[in-house]
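Beneath this line is the structure, given in structure tokens, with notes to follow.
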Amino acid sequence: MIRFPQPLSPGDRIGVTSPSSGVPQDLWPRLECATRWLHERGFEVVVGDCMDGDSSHVSAPAVERADELQRMLTDPTVRAVVPPWGGETAIDVLDLLDWEAIGQAEPTWLVGYSDLSTLMLPLTLRTGWATLHGANLMDTPYAAADGLLHWTEVAAAQGPLAQRQSGVFRTGAFDDWAADPSPTAYALEGRGAWEVADGDELELSGRLVGGCIEVIGALTGTPFGDVPHFGRTYAEDGLIIYLEAAEGAAFEICRALHGMRLAGWFEHANAILIGRTNAPASGAFTQRDAVLDALEDLDIPIVFDVECGHVPPHLPLVNGALAHLTVTDHERSIVQDLGAGAVNGR
């Protein structure tokens with residue numbers, strides 16, 4: 001059974017730690033802007049010790065990062081853990097966590113995307129905790145695009161959550177937070193729509209699970225990436241698997257998707273959502289080619305250009321939630337039920 005954390009509310013404590021990359025000194029003003037944003041909405045924010053972003057590609061030695069993350073996840077006074085962002089090698093803490101102790105604790109929201117998928121996916125698969133794939137802490141001050149919800153709204157929800165495609169996306173570079181740490185609105189100049197690969201319409205349901213292809217692909221075949229077992233467990237519901245490429249070239253993404261396919265990740269999938277990406281092509285072989293090469297023959301609906309990736313805005317998705325997906329000429333929406341199949345209930 002999926003275990004949903006209690007709804008987040010003003011007065012709750014939010015923990016900040018960097019289980020992957022830390023924050024360089026020139027970006028600490030942005031970190032302070034993000035924590036202040038949460039303070040202004042009534043949350044208490046506790047920043048951990050594993051935050052160094054200048055000495056290495058990681059914020060601290062793996063044992064220290066694992067210990068701090070575990071302490072926050074199992075502390076009953078911490079209601080959400082929101083790292084500043086992802087990074088590269090969160091995978092090095094997976095076998096240092098006490099998964100049994102975490103599984104016995106009351107669930108806490110773990111929020112983020114990118115390399116945080118390396119932690120959120122196993123947390124859902126191994127403990128049954130729902131995890132929140134959405135904006136990270138440094139993106140938290142940005143307002144949600146029309147039709148989408150802010151991650152704090154998702155974490156605070158007590159009933160079904162309805163979102164629809166925003167129809168917009170960022171086309172330019174990341175904001176320069178070192179020069180100006182205060183932006184609260186994305187420049188969303190691009191226009192786009194969710195698109196079913198075969199041009200058909202669809203309406204279906206399934207349990208959400210997924211993340212960033214480059215990092216969760218590395219979990220295939222390990223005890224931390226047993227999506228096939230999750231699929232068998234929820235075979236009656238089926239799965240909606242969402243996947244997004246951060247920066248890997250198309251051939252790299254294609255190989256990772258084939259590996260997931262060969263490992264049985266899609267055997268119980270009702271649909272596959274592919275996040276909008278700026279990741280490069282491999283010559284004439286595009287990112288869409290990569291997806292179709294690996295997954296088209298599965299005869300599972302594939303929906304492209306969903307806002308669940310590294311191209312803002314962010315569509316928050318809850319790993320473990322039962323979702324209803326609609327993609328028609330007149331409606332492109334997803335409704336997540338954070339109570340269906342819950343132990344803690346809503």
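Going through the structure tokens in order, the chains are called A, B, and so on, while each chain numbers its residues from 1 and the ligands are numbered from 1 in the order shown.
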
Select from region 128-311 of chain A everything DSSP, run on the backbone, classes as strand (DSSP E or B), then give the selection as a PyMOL selection string. chain A and resi 129+131-133+161-164+168-169+190-191+195-196+202-212+239-244+269-275+282+285+302-306

Neighbour list for Leu219 (chain A) as a PyMOL selection string, cut-off 12 Å, only C-alpha atoms, skip fewer than 3 positions in-chain: chain A and resi 90-92+94-95+115+117-122+125+210-216+222-227+256+259-260+263+265

Could you write out that same residue set with C-alpha atoms as an mmCIF file, in the first residue's frame?
```cif
data_model
loop_
_atom_site.group_PDB
_atom_site.id
_atom_site.type_symbol
_atom_site.label_atom_id
_atom_site.label_comp_id
_atom_site.auth_asym_id
_atom_site.auth_seq_id
_atom_site.Cartn_x
_atom_site.Cartn_y
_atom_site.Cartn_z
ATOM 1 C CA ALA A 90 23.252 10.743 -5.464
ATOM 2 C CA ILE A 91 23.523 7.054 -6.335
ATOM 3 C CA ASP A 92 26.487 6.760 -3.939
ATOM 4 C CA LEU A 94 21.693 4.431 -1.738
ATOM 5 C CA ASP A 95 23.473 1.514 -0.074
ATOM 6 C CA ASP A 115 19.363 13.564 -9.647
ATOM 7 C CA SER A 117 14.994 10.893 -8.832
ATOM 8 C CA THR A 118 17.840 8.582 -7.796
ATOM 9 C CA LEU A 119 16.471 8.763 -4.238
ATOM 10 C CA MET A 120 12.761 9.344 -4.752
ATOM 11 C CA LEU A 121 12.179 6.345 -6.997
ATOM 12 C CA PRO A 122 13.761 3.817 -4.556
ATOM 13 C CA LEU A 125 9.580 1.309 -4.569
ATOM 14 C CA GLY A 210 9.228 7.661 -12.949
ATOM 15 C CA GLY A 211 11.923 10.311 -13.048
ATOM 16 C CA CYS A 212 15.041 11.446 -14.899
ATOM 17 C CA ILE A 213 16.190 8.878 -17.450
ATOM 18 C CA GLU A 214 19.939 9.358 -17.039
ATOM 19 C CA VAL A 215 19.895 8.642 -13.301
ATOM 20 C CA ILE A 216 17.077 6.148 -12.806
ATOM 21 C CA THR A 222 19.493 -3.233 -8.996
ATOM 22 C CA PRO A 223 17.465 -3.591 -5.764
ATOM 23 C CA PHE A 224 16.786 0.153 -5.957
ATOM 24 C CA GLY A 225 15.071 0.188 -9.343
ATOM 25 C CA ASP A 226 12.662 -2.741 -9.244
ATOM 26 C CA VAL A 227 9.878 -1.108 -11.225
ATOM 27 C CA ALA A 256 18.838 3.636 -21.362
ATOM 28 C CA GLY A 259 17.606 -1.232 -20.914
ATOM 29 C CA MET A 260 14.445 -0.339 -18.997
ATOM 30 C CA ALA A 263 14.288 -5.232 -17.593
ATOM 31 C CA TRP A 265 9.749 -1.749 -16.603
#
```

Distance query region 47-53 of chain A at most 12 Å, only C-alpha atoms, self and fewer than 3 positions along chain excluded, as a PyMOL selection string: chain A and resi 13-28+31-32+34-36+44+56-72+78+81-87+137

Residues near Gly134 (chain A), cut-off 12 Å, only C-alpha atoms, skip fewer than 6 positions along chain, as an mmCIF file with N, CA, C and O atoms, in the first residue's frame:
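Result file is result.cif:
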```
data_model
loop_
_atom_site.group_PDB
_atom_site.id
_atom_site.type_symbol
_atom_site.label_atom_id
_atom_site.label_comp_id
_atom_site.auth_asym_id
_atom_site.auth_seq_id
_atom_site.Cartn_x
_atom_site.Cartn_y
_atom_site.Cartn_z
ATOM 1 N N VAL A 82 13.479 19.090 1.180
ATOM 2 C CA VAL A 82 13.539 19.697 -0.151
ATOM 3 C C VAL A 82 14.982 20.117 -0.444
ATOM 4 O O VAL A 82 15.422 21.180 -0.004
ATOM 5 N N PRO A 83 15.749 19.300 -1.137
ATOM 6 C CA PRO A 83 17.117 19.675 -1.491
ATOM 7 C C PRO A 83 17.142 20.884 -2.419
ATOM 8 O O PRO A 83 16.153 21.176 -3.114
ATOM 9 N N TRP A 85 18.753 21.302 -5.179
ATOM 10 C CA TRP A 85 18.646 20.810 -6.559
ATOM 11 C C TRP A 85 19.233 19.409 -6.625
ATOM 12 O O TRP A 85 19.484 18.800 -5.594
ATOM 13 N N GLY A 86 19.436 18.905 -7.824
ATOM 14 C CA GLY A 86 19.953 17.553 -7.981
ATOM 15 C C GLY A 86 21.467 17.519 -7.973
ATOM 16 O O GLY A 86 22.099 17.887 -6.997
ATOM 17 N N TRP A 109 7.512 14.044 3.105
ATOM 18 C CA TRP A 109 7.648 14.379 1.694
ATOM 19 C C TRP A 109 9.122 14.563 1.322
ATOM 20 O O TRP A 109 9.846 15.321 1.980
ATOM 21 N N LEU A 110 9.573 13.888 0.267
ATOM 22 C CA LEU A 110 10.850 14.172 -0.366
ATOM 23 C C LEU A 110 10.515 14.780 -1.714
ATOM 24 O O LEU A 110 9.796 14.184 -2.523
ATOM 25 N N VAL A 111 11.034 15.984 -1.949
ATOM 26 C CA VAL A 111 10.604 16.797 -3.093
ATOM 27 C C VAL A 111 11.806 17.142 -3.970
ATOM 28 O O VAL A 111 12.874 17.514 -3.452
ATOM 29 N N GLY A 112 11.644 17.056 -5.273
ATOM 30 C CA GLY A 112 12.698 17.478 -6.179
ATOM 31 C C GLY A 112 12.595 16.787 -7.522
ATOM 32 O O GLY A 112 11.593 16.130 -7.837
ATOM 33 N N TYR A 113 13.641 16.934 -8.325
ATOM 34 C CA TYR A 113 13.708 16.237 -9.618
ATOM 35 C C TYR A 113 15.172 16.112 -10.011
ATOM 36 O O TYR A 113 16.061 16.309 -9.180
ATOM 37 N N SER A 114 15.435 15.730 -11.235
ATOM 38 C CA SER A 114 16.792 15.521 -11.725
ATOM 39 C C SER A 114 17.467 14.408 -10.925
ATOM 40 O O SER A 114 16.883 13.332 -10.762
ATOM 41 N N LEU A 116 17.664 13.934 -7.920
ATOM 42 C CA LEU A 116 16.859 13.521 -6.771
ATOM 43 C C LEU A 116 15.976 12.324 -7.118
ATOM 44 O O LEU A 116 15.535 11.591 -6.224
ATOM 45 N N SER A 117 15.720 12.098 -8.420
ATOM 46 C CA SER A 117 14.994 10.893 -8.832
ATOM 47 C C SER A 117 15.706 9.636 -8.355
ATOM 48 O O SER A 117 15.079 8.607 -8.096
ATOM 49 N N MET A 120 14.223 9.396 -4.870
ATOM 50 C CA MET A 120 12.761 9.344 -4.752
ATOM 51 C C MET A 120 12.184 8.047 -5.299
ATOM 52 O O MET A 120 11.273 7.464 -4.698
ATOM 53 N N THR A 140 11.724 26.995 -6.050
ATOM 54 C CA THR A 140 10.491 27.150 -5.281
ATOM 55 C C THR A 140 9.872 28.553 -5.363
ATOM 56 O O THR A 140 8.643 28.678 -5.413
ATOM 57 N N ALA A 144 3.708 29.010 -10.133
ATOM 58 C CA ALA A 144 3.261 27.938 -11.022
ATOM 59 C C ALA A 144 2.600 28.537 -12.258
ATOM 60 O O ALA A 144 1.910 29.565 -12.188
ATOM 61 N N LEU A 148 -1.134 24.562 -13.800
ATOM 62 C CA LEU A 148 -0.305 23.690 -12.983
ATOM 63 C C LEU A 148 -0.349 24.133 -11.525
ATOM 64 O O LEU A 148 -0.763 25.249 -11.207
ATOM 65 N N LEU A 149 0.090 23.255 -10.635
ATOM 66 C CA LEU A 149 0.121 23.548 -9.209
ATOM 67 C C LEU A 149 1.566 23.700 -8.731
ATOM 68 O O LEU A 149 2.478 23.093 -9.284
ATOM 69 N N HIS A 150 1.747 24.515 -7.701
ATOM 70 C CA HIS A 150 3.043 24.617 -7.046
ATOM 71 C C HIS A 150 3.231 23.378 -6.186
ATOM 72 O O HIS A 150 2.267 22.794 -5.688
ATOM 73 N N TRP A 151 4.495 22.960 -5.994
ATOM 74 C CA TRP A 151 4.710 21.731 -5.212
ATOM 75 C C TRP A 151 4.153 21.864 -3.796
ATOM 76 O O TRP A 151 3.716 20.853 -3.217
ATOM 77 N N THR A 152 4.176 23.056 -3.220
ATOM 78 C CA THR A 152 3.626 23.218 -1.877
ATOM 79 C C THR A 152 2.123 22.981 -1.859
ATOM 80 O O THR A 152 1.585 22.510 -0.846
ATOM 81 N N GLU A 153 1.447 23.289 -2.946
ATOM 82 C CA GLU A 153 0.008 23.013 -3.029
ATOM 83 C C GLU A 153 -0.255 21.517 -3.112
ATOM 84 O O GLU A 153 -1.216 21.006 -2.521
ATOM 85 N N VAL A 154 0.604 20.811 -3.840
ATOM 86 C CA VAL A 154 0.454 19.361 -3.945
ATOM 87 C C VAL A 154 0.706 18.704 -2.594
ATOM 88 O O VAL A 154 -0.063 17.850 -2.139
ATOM 89 N N ALA A 155 1.773 19.118 -1.915
ATOM 90 C CA ALA A 155 2.107 18.527 -0.623
ATOM 91 C C ALA A 155 1.072 18.846 0.444
ATOM 92 O O ALA A 155 0.958 18.123 1.437
ATOM 93 N N GLY A 210 8.295 7.259 -11.904
ATOM 94 C CA GLY A 210 9.228 7.661 -12.949
ATOM 95 C C GLY A 210 10.284 8.610 -12.446
ATOM 96 O O GLY A 210 10.590 8.675 -11.255
ATOM 97 N N GLY A 211 10.876 9.364 -13.391
ATOM 98 C CA GLY A 211 11.923 10.311 -13.048
ATOM 99 C C GLY A 211 12.833 10.586 -14.224
ATOM 100 O O GLY A 211 12.474 10.390 -15.393
ATOM 101 N N CYS A 212 14.050 11.035 -13.908
ATOM 102 C CA CYS A 212 15.041 11.446 -14.899
ATOM 103 C C CYS A 212 15.749 10.221 -15.474
ATOM 104 O O CYS A 212 16.337 9.423 -14.743
ATOM 105 N N GLU A 307 5.118 18.558 -19.174
ATOM 106 C CA GLU A 307 5.942 19.487 -18.396
ATOM 107 C C GLU A 307 6.517 18.831 -17.140
ATOM 108 O O GLU A 307 6.366 19.346 -16.031
ATOM 109 N N CYS A 308 7.163 17.706 -17.293
ATOM 110 C CA CYS A 308 7.673 16.978 -16.126
ATOM 111 C C CYS A 308 9.175 16.804 -16.199
ATOM 112 O O CYS A 308 9.719 15.832 -15.688
ATOM 113 N N GLY A 309 9.869 17.769 -16.822
ATOM 114 C CA GLY A 309 11.290 17.610 -16.991
ATOM 115 C C GLY A 309 12.091 18.837 -16.633
ATOM 116 O O GLY A 309 11.702 19.641 -15.789
ATOM 117 N N HIS A 310 13.224 19.000 -17.316
ATOM 118 C CA HIS A 310 14.160 20.073 -17.017
ATOM 119 C C HIS A 310 13.814 21.382 -17.725
ATOM 120 O O HIS A 310 14.530 22.371 -17.567
ATOM 121 N N VAL A 311 12.765 21.384 -18.526
ATOM 122 C CA VAL A 311 12.319 22.608 -19.193
ATOM 123 C C VAL A 311 11.110 23.154 -18.441
ATOM 124 O O VAL A 311 10.032 22.553 -18.480
ATOM 125 N N PRO A 312 11.264 24.267 -17.725
ATOM 126 C CA PRO A 312 10.118 24.815 -16.975
ATOM 127 C C PRO A 312 8.984 25.205 -17.912
ATOM 128 O O PRO A 312 9.233 25.495 -19.084
ATOM 129 N N PRO A 313 7.740 25.206 -17.382
ATOM 130 C CA PRO A 313 7.352 25.054 -15.976
ATOM 131 C C PRO A 313 7.306 23.581 -15.552
ATOM 132 O O PRO A 313 7.462 22.695 -16.388
ATOM 133 N N HIS A 314 7.059 23.379 -14.259
ATOM 134 C CA HIS A 314 7.088 22.034 -13.686
ATOM 135 C C HIS A 314 5.673 21.554 -13.344
ATOM 136 O O HIS A 314 4.924 22.244 -12.667
ATOM 137 N N LEU A 315 5.356 20.359 -13.825
ATOM 138 C CA LEU A 315 4.112 19.667 -13.488
ATOM 139 C C LEU A 315 4.423 18.703 -12.351
ATOM 140 O O LEU A 315 5.052 17.667 -12.574
ATOM 141 N N PRO A 316 4.031 19.008 -11.109
ATOM 142 C CA PRO A 316 4.349 18.101 -10.000
ATOM 143 C C PRO A 316 3.590 16.785 -10.130
ATOM 144 O O PRO A 316 2.366 16.779 -10.333
ATOM 145 N N LEU A 317 4.324 15.687 -10.024
ATOM 146 C CA LEU A 317 3.751 14.354 -10.091
ATOM 147 C C LEU A 317 4.162 13.576 -8.851
ATOM 148 O O LEU A 317 5.320 13.644 -8.432
ATOM 149 N N VAL A 318 3.240 12.818 -8.280
ATOM 150 C CA VAL A 318 3.495 12.095 -7.041
ATOM 151 C C VAL A 318 3.695 10.620 -7.344
ATOM 152 O O VAL A 318 2.768 9.924 -7.780
ATOM 153 N N ASN A 319 4.920 10.146 -7.132
ATOM 154 C CA ASN A 319 5.177 8.720 -7.286
ATOM 155 C C ASN A 319 4.292 7.924 -6.344
ATOM 156 O O ASN A 319 4.292 8.146 -5.139
#
```

So which one's closest to Val196 (chain A), A:Ile253, A:Ala101, A:Ile334, A:Ile274? Using only C-alpha atoms, please.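 Of A:Ile253, A:Ala101, A:Ile334, A:Ile274, the one nearest Val196 (chain A), counting only C-alpha atoms, is A:Ile274.
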
Shortest interatomic distance to Leu38 (chain A) - which of A:Ala246, A:Ala80, A:Leu239, A:Leu295, counting only C-alpha atoms: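 Under the stated criterion, the closest residue is A:Ala80.
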
Could you work out how far CA of Val45 (chain A) lies from CA of Ala179 (chain A), giving the answer in Å with one decimal? 24.4 Å

Of the listed residues A:Tyr186, A:Trp99, A:Phe169, A:Tyr234, that which approaches Arg276 (chain A) most closely, counting only C-alpha atoms: A:Phe169

Selected residue, from A:Val209, A:Leu257, A:Leu325, A:Ala193, that lies nearest to Asp305 (chain A) when counting only C-alpha atoms: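 Closest to Asp305 (chain A) of all the choices is A:Ala193.
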